[in-house]
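Trainee: This is input.tsv (TSV, C-alpha atoms).
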```tsv
chain	number	residue	atom	x	y	z
A	1	MET	CA	23.14	-2.62	-4.47
A	2	ARG	CA	20.32	-1.19	-2.34
A	3	PHE	CA	17.20	0.33	-3.89
A	4	ASP	CA	14.43	2.36	-2.25
A	5	ALA	CA	11.51	3.20	-4.49
A	6	CYS	CA	8.04	4.66	-4.19
A	7	ASP	CA	5.21	4.57	-6.73
A	8	ALA	CA	1.73	5.94	-6.04
A	9	ALA	CA	-1.67	6.63	-7.53
A	10	PHE	CA	-4.67	8.57	-6.30
A	11	VAL	CA	-7.82	6.43	-6.27
A	12	ARG	CA	-11.28	7.93	-5.84
A	13	ALA	CA	-12.48	5.23	-3.48
A	14	ARG	CA	-12.63	4.48	0.22
A	15	ARG	CA	-9.75	2.87	2.07
A	16	ARG	CA	-12.10	0.10	3.17
A	17	ASP	CA	-12.70	-0.66	-0.54
A	18	VAL	CA	-9.00	-0.54	-1.47
A	19	HIS	CA	-7.68	-2.73	1.34
A	20	PRO	CA	-9.50	-6.00	0.48
A	21	VAL	CA	-8.21	-5.84	-3.10
A	22	LEU	CA	-4.59	-5.30	-2.04
A	23	ALA	CA	-4.70	-7.74	0.88
A	24	ASP	CA	-5.94	-10.56	-1.40
A	25	VAL	CA	-2.72	-11.56	-3.16
A	26	ALA	CA	-4.55	-14.51	-4.76
A	27	GLY	CA	-6.69	-11.99	-6.65
A	28	TYR	CA	-3.85	-9.85	-8.05
A	29	ALA	CA	-3.91	-11.58	-11.44
A	30	ALA	CA	-7.49	-10.34	-11.95
A	31	TRP	CA	-6.35	-6.71	-12.11
A	32	TRP	CA	-2.53	-6.64	-12.39
A	33	PRO	CA	-1.67	-6.59	-16.12
A	34	ARG	CA	0.55	-9.36	-17.49
A	35	LEU	CA	0.85	-11.13	-14.15
A	36	ARG	CA	0.89	-14.85	-13.48
A	37	LEU	CA	0.49	-15.90	-9.90
A	38	ARG	CA	1.21	-19.15	-8.11
A	39	ARG	CA	1.03	-20.11	-4.43
A	40	ARG	CA	4.44	-21.36	-3.37
A	41	HIS	CA	6.41	-22.04	-0.17
A	42	GLY	CA	4.09	-20.08	2.13
A	43	GLY	CA	4.02	-17.10	-0.20
A	44	TRP	CA	3.23	-16.12	-3.77
A	45	LEU	CA	5.32	-16.32	-6.90
A	46	LEU	CA	4.58	-13.28	-9.06
A	47	ALA	CA	5.75	-13.78	-12.62
A	48	HIS	CA	5.23	-10.38	-14.21
A	49	ARG	CA	6.02	-9.04	-17.64
A	50	PRO	CA	6.50	-5.28	-17.39
A	51	PRO	CA	5.30	-3.03	-20.23
A	52	GLY	CA	7.89	-3.02	-23.01
A	53	ASP	CA	9.86	-5.96	-21.56
A	54	PRO	CA	9.54	-9.32	-23.35
A	55	ARG	CA	10.92	-11.30	-20.39
A	56	ARG	CA	9.00	-12.52	-17.39
A	57	ARG	CA	10.46	-11.38	-14.09
A	58	ARG	CA	9.96	-13.44	-10.94
A	59	VAL	CA	9.46	-12.19	-7.42
A	60	TRP	CA	8.27	-14.14	-4.38
A	61	LEU	CA	6.07	-12.23	-1.94
A	62	ARG	CA	5.08	-13.35	1.54
A	63	VAL	CA	2.66	-11.24	3.59
A	64	THR	CA	4.38	-10.27	6.85
A	65	ASN	CA	1.86	-7.80	8.24
A	66	GLU	CA	-1.65	-6.74	7.32
A	67	ARG	CA	-3.03	-3.48	8.69
A	68	PRO	CA	-6.55	-2.87	7.31
A	69	ASP	CA	-6.39	0.84	8.07
A	70	LEU	CA	-2.85	1.40	6.72
A	71	GLY	CA	-1.66	-1.29	4.31
A	72	VAL	CA	0.01	-4.64	3.70
A	73	ASP	CA	3.71	-5.50	4.21
A	74	PHE	CA	5.60	-8.18	2.28
A	75	ALA	CA	8.93	-9.96	2.39
A	76	VAL	CA	10.44	-10.00	-1.12
A	77	THR	CA	12.79	-12.66	-2.51
A	78	GLY	CA	13.78	-13.79	-5.98
A	79	ASP	CA	15.17	-11.25	-8.45
A	80	MET	CA	15.39	-8.84	-5.48
A	81	VAL	CA	15.59	-9.37	-1.72
A	82	GLY	CA	14.03	-7.08	0.86
A	83	GLU	CA	10.57	-5.78	1.61
A	84	ALA	CA	7.63	-4.13	-0.11
A	85	GLU	CA	4.53	-2.44	1.19
A	86	TRP	CA	1.17	-1.21	-0.03
A	87	TYR	CA	0.32	1.88	2.03
A	88	TYR	CA	-2.90	3.92	1.93
A	89	LEU	CA	-3.52	7.46	3.07
A	90	ASP	CA	-6.90	9.18	3.01
A	91	GLU	CA	-7.21	12.30	0.91
A	92	PRO	CA	-10.22	14.65	0.68
A	93	ALA	CA	-11.73	12.90	-2.35
A	94	GLY	CA	-10.27	9.40	-2.12
A	95	VAL	CA	-7.16	7.56	-1.06
A	96	ALA	CA	-3.51	7.75	-2.10
A	97	VAL	CA	-2.26	4.20	-2.70
A	98	THR	CA	1.51	3.92	-2.45
A	99	HIS	CA	3.81	0.99	-3.17
A	100	LEU	CA	7.08	1.21	-1.23
A	101	LEU	CA	10.00	-1.00	-2.18
A	102	ARG	CA	13.19	-1.48	-0.14
A	103	VAL	CA	15.38	-4.18	-1.67
A	104	TRP	CA	18.88	-5.41	-2.44
A	105	ALA	CA	19.64	-6.57	-5.95
A	106	PRO	CA	22.97	-8.37	-5.70
A	107	ASP	CA	24.37	-8.13	-9.22
A	108	ARG	CA	24.77	-5.57	-12.00
A	109	GLY	CA	21.40	-6.42	-13.53
A	110	GLY	CA	19.67	-5.30	-10.34
A	111	GLN	CA	18.85	-1.82	-11.58
A	112	ARG	CA	17.08	-3.25	-14.65
A	113	ARG	CA	15.12	-5.74	-12.50
A	114	VAL	CA	14.02	-3.04	-10.06
A	115	ALA	CA	13.04	-0.74	-12.94
A	116	ALA	CA	11.06	-3.58	-14.57
A	117	TYR	CA	9.27	-4.38	-11.30
A	118	ARG	CA	8.42	-0.70	-10.76
A	119	ALA	CA	7.02	-0.42	-14.31
A	120	SER	CA	4.85	-3.43	-13.57
A	121	VAL	CA	3.68	-1.90	-10.26
A	122	ARG	CA	2.79	1.39	-11.98
A	123	ALA	CA	0.72	-0.48	-14.58
A	124	ALA	CA	-0.98	-2.37	-11.73
A	125	LEU	CA	-1.75	0.87	-9.89
A	126	GLN	CA	-3.45	2.28	-12.99
A	127	GLU	CA	-5.55	-0.87	-13.36
A	128	LEU	CA	-6.44	-0.80	-9.65
A	129	LYS	CA	-7.52	2.82	-10.08
A	130	ALA	CA	-9.64	1.96	-13.14
A	131	ARG	CA	-11.22	-1.01	-11.35
A	132	LEU	CA	-12.14	0.91	-8.20
A	133	GLU	CA	-13.27	4.08	-9.97
A	134	THR	CA	-15.76	2.30	-12.23
A	135	ASN	CA	-18.86	4.44	-12.80
A	136	ARG	CA	-17.13	7.61	-11.55
A	137	SER	CA	-16.87	10.59	-13.90
A	138	PRO	CA	-13.97	13.05	-13.72
A	139	GLY	CA	-14.86	16.01	-11.52
A	140	GLU	CA	-17.73	14.16	-9.89
A	141	GLU	CA	-18.31	14.88	-6.21
A	142	PRO	CA	-16.69	12.42	-3.78
A	143	ASP	CA	-18.63	9.35	-2.72
A	144	PRO	CA	-20.88	10.36	0.23
A	145	GLN	CA	-19.72	7.23	2.09
A	146	LEU	CA	-16.11	8.39	1.70
A	147	LEU	CA	-16.99	11.76	3.19
A	148	ALA	CA	-18.80	10.03	6.08
A	149	ASP	CA	-15.77	7.79	6.73
A	150	GLN	CA	-13.48	10.80	6.76
A	151	ALA	CA	-15.82	12.72	9.09
A	152	GLU	CA	-15.73	9.76	11.53
A	153	ALA	CA	-11.93	9.63	11.40
A	154	ALA	CA	-11.66	13.41	11.89
A	155	ASP	CA	-14.04	13.25	14.88
A	156	ALA	CA	-12.02	10.43	16.47
A	157	PHE	CA	-8.81	12.41	15.97
A	158	ARG	CA	-10.39	15.56	17.40
A	159	ARG	CA	-11.60	13.63	20.48
A	160	GLY	CA	-8.08	12.25	20.99
A	161	VAL	CA	-6.56	15.73	20.78
A	162	GLU	CA	-9.15	17.12	23.22
A	163	ALA	CA	-8.49	14.27	25.68
A	164	HIS	CA	-4.75	14.91	25.46
A	165	GLN	CA	-5.24	18.63	26.00
A	166	ALA	CA	-7.45	17.93	29.04
A	167	ARG	CA	-4.77	15.64	30.54
A	168	ALA	CA	-2.08	18.22	29.81
A	169	ALA	CA	-4.12	20.95	31.49
A	170	ALA	CA	-4.56	18.70	34.53
A	171	GLY	CA	-0.82	17.99	34.56
A	172	THR	CA	-1.27	14.28	33.89
A	173	ALA	CA	-0.27	14.12	30.24
A	174	ARG	CA	1.82	11.10	29.38
A	175	ILE	CA	4.17	10.88	26.48
A	176	ASP	CA	4.60	7.48	24.90
A	177	ARG	CA	8.31	6.71	24.91
A	178	GLY	CA	7.72	3.83	22.53
A	179	ASP	CA	8.60	1.22	25.16
A	180	GLY	CA	5.01	0.60	26.24
A	181	SER	CA	5.68	1.91	29.75
A	182	GLY	CA	3.53	5.03	29.44
A	183	ARG	CA	6.18	6.90	31.47
A	184	ARG	CA	7.22	10.44	30.70
```
In structure tokens, write the structure found in this file.
Mentor:
Amino acid sequence: MRFDACDAAFVRARRRDVHPVLADVAGYAAWWPRLRLRRRHGGWLLAHRPPGDPRRRRVWLRVTNERPDLGVDFAVTGDMVGEAEWYYLDEPAGVAVTHLLRVWAPDRGGQRRVAAYRASVRAALQELKARLETNRSPGEEPDPQLLADQAEAADAFRRGVEAHQARAAAGTARIDRGDGSGRR
């Protein structure tokens, strides 16, 4: 049976502060509740005990792609088979951290295993939020560094739009067809 799931949390921090924590799988046990971690076969064995579940669930993760500005992708095997991803998106006062899960669970217990894994991920997201928001009071103004990062990103985007508009006005705009050719 195929499962697609999404769990997210808003974290009042900068993407550049979130990424190192999520990219360092070896450090997950420091903030992911009830998680045991072991390096194994080119990946990581996550033995997690979701809230309210007395049994340990096992999932093997192997990093397949790391994108510091967008997230981390994983191959998933074990109780489920497929892929998972941490994805970050800037928001005005922080970053939305999303965990995407696309897996097959081959037998009837698959729904329980996926639900248990998602409960564990949600607990981890809350701990990540608490860890990265240390010393921040509710309603406090955003971190000035966050606002500066977002201003830089907005300026870069604006420059890209202006360059595209200038090329379009000159009749030389190119549309990326996704094949790398740069042809229209």
Trainee: Taking into account all atoms listed in the file, which residue in the set A:Arg14, A:His48, A:His19, A:Arg67 is nearest to Gln145 of chain A?
Mentor: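 Residue with the minimum atom-to-atom distance to Gln145 of chain A: A:Arg14.
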Trainee: Excluding Leu22 of chain A and residues on its chain fewer than 6 positions from it, collect all residues at most 10 Å away from it, counting all atoms listed in the file, and give them as a list of chain:residue names.
Mentor: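 With the cut-off at 10 Å, the set is A:Tyr28, A:Glu66, A:Pro68, A:Gly71, A:Val72, A:Trp86, A:Tyr87, A:Val97, A:Leu128.
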Trainee: Between A:Val121, A:Ala153, A:Ala9, A:Ala170, which has the minimum distance to Pro50 of chain A (counting all atoms listed in the file)?
Mentor: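 Of A:Val121, A:Ala153, A:Ala9, A:Ala170, the one nearest Pro50 of chain A, counting all atoms listed in the file, is A:Val121.
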Trainee: Tell me which residues come within 12 Å of (0.0, -1.8, -10.5), as a PyMOL selection string, counting all atoms listed in the file in the file's coordinates.
Mentor: chain A and resi 7-9+21-22+28-35+48-51+86+97-99+116-131
Trainee: Export, as an mmCIF file, in the coordinates of the input, the selected residues with C-alpha atoms.
Mentor:
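See again-v4.cif below for the written result:
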```
data_model
loop_
_atom_site.group_PDB
_atom_site.id
_atom_site.type_symbol
_atom_site.label_atom_id
_atom_site.label_comp_id
_atom_site.auth_asym_id
_atom_site.auth_seq_id
_atom_site.Cartn_x
_atom_site.Cartn_y
_atom_site.Cartn_z
ATOM 1 C CA ASP A 7 5.210 4.570 -6.730
ATOM 2 C CA ALA A 8 1.730 5.940 -6.040
ATOM 3 C CA ALA A 9 -1.670 6.630 -7.530
ATOM 4 C CA VAL A 21 -8.210 -5.840 -3.100
ATOM 5 C CA LEU A 22 -4.590 -5.300 -2.040
ATOM 6 C CA TYR A 28 -3.850 -9.850 -8.050
ATOM 7 C CA ALA A 29 -3.910 -11.580 -11.440
ATOM 8 C CA ALA A 30 -7.490 -10.340 -11.950
ATOM 9 C CA TRP A 31 -6.350 -6.710 -12.110
ATOM 10 C CA TRP A 32 -2.530 -6.640 -12.390
ATOM 11 C CA PRO A 33 -1.670 -6.590 -16.120
ATOM 12 C CA ARG A 34 0.550 -9.360 -17.490
ATOM 13 C CA LEU A 35 0.850 -11.130 -14.150
ATOM 14 C CA HIS A 48 5.230 -10.380 -14.210
ATOM 15 C CA ARG A 49 6.020 -9.040 -17.640
ATOM 16 C CA PRO A 50 6.500 -5.280 -17.390
ATOM 17 C CA PRO A 51 5.300 -3.030 -20.230
ATOM 18 C CA TRP A 86 1.170 -1.210 -0.030
ATOM 19 C CA VAL A 97 -2.260 4.200 -2.700
ATOM 20 C CA THR A 98 1.510 3.920 -2.450
ATOM 21 C CA HIS A 99 3.810 0.990 -3.170
ATOM 22 C CA ALA A 116 11.060 -3.580 -14.570
ATOM 23 C CA TYR A 117 9.270 -4.380 -11.300
ATOM 24 C CA ARG A 118 8.420 -0.700 -10.760
ATOM 25 C CA ALA A 119 7.020 -0.420 -14.310
ATOM 26 C CA SER A 120 4.850 -3.430 -13.570
ATOM 27 C CA VAL A 121 3.680 -1.900 -10.260
ATOM 28 C CA ARG A 122 2.790 1.390 -11.980
ATOM 29 C CA ALA A 123 0.720 -0.480 -14.580
ATOM 30 C CA ALA A 124 -0.980 -2.370 -11.730
ATOM 31 C CA LEU A 125 -1.750 0.870 -9.890
ATOM 32 C CA GLN A 126 -3.450 2.280 -12.990
ATOM 33 C CA GLU A 127 -5.550 -0.870 -13.360
ATOM 34 C CA LEU A 128 -6.440 -0.800 -9.650
ATOM 35 C CA LYS A 129 -7.520 2.820 -10.080
ATOM 36 C CA ALA A 130 -9.640 1.960 -13.140
ATOM 37 C CA ARG A 131 -11.220 -1.010 -11.350
#
```
Trainee: List the residues sitting within 7 Å of (16.0, 1.4, -4.4) in the file's frame, using all atoms listed in the file, as an MDAnalysis selection string.
Mentor: chainID A and resid 2:5 101:103
Trainee: Taking all atoms listed in the file into account, which of A:Ala156, A:Ala96, A:Val11, A:Leu45 comes nearest Leu70 of chain A?
Mentor: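 So, comparing all the options, the nearest one is A:Ala96.
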Trainee: Find the residues around Ala75 of chain A up to 7 Å (only C-alpha atoms counted), leave out those fewer than 3 positions away in its own chain, and share them as a ChimeraX atom specification.
Mentor: /A:61-64,82-84
Trainee: Could you tell me which of A:Asn135, A:Val95, A:Pro20, A:Val114 comes closest to Arg58 of chain A if we count only C-alpha atoms?
Mentor: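 Selected residue with least distance to Arg58 of chain A: A:Val114.
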Trainee: Compare A:Ala13, A:Leu46, A:Ala166, A:Ala105 by their minimum atom-to-atom distance to Pro144 of chain A, counting all atoms listed in the file, and give me the closest one.
Mentor: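 Comparing A:Ala13, A:Leu46, A:Ala166, A:Ala105 against Pro144 of chain A, the winner is A:Ala13.
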Trainee: Suppose you want the space between atom CA of Ala151 of chain A and atom CA of Ala23 of chain A; what is it in Å?
Mentor: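 Interatomic distance, atom CA of Ala151 of chain A to atom CA of Ala23 of chain A: 24.7 Å.
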Trainee: Tell me, in Å to one decimal, how far atom CA of Glu133 of chain A is from atom CA of Arg16 of chain A.
Mentor: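 Calculated distance between atom CA of Glu133 of chain A and atom CA of Arg16 of chain A is 13.8 Å.
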Trainee: Could you work out how far atom CA of Ala148 of chain A lies from atom CA of Gly27 of chain A, giving the answer in Å with one decimal?
Mentor: 28.2 Å
Trainee: Rank nothing, just name the residue among A:Ala163, A:Leu37, A:Ala154, A:Val59 nearest to Val81 of chain A, using only C-alpha atoms.
Mentor: A:Val59
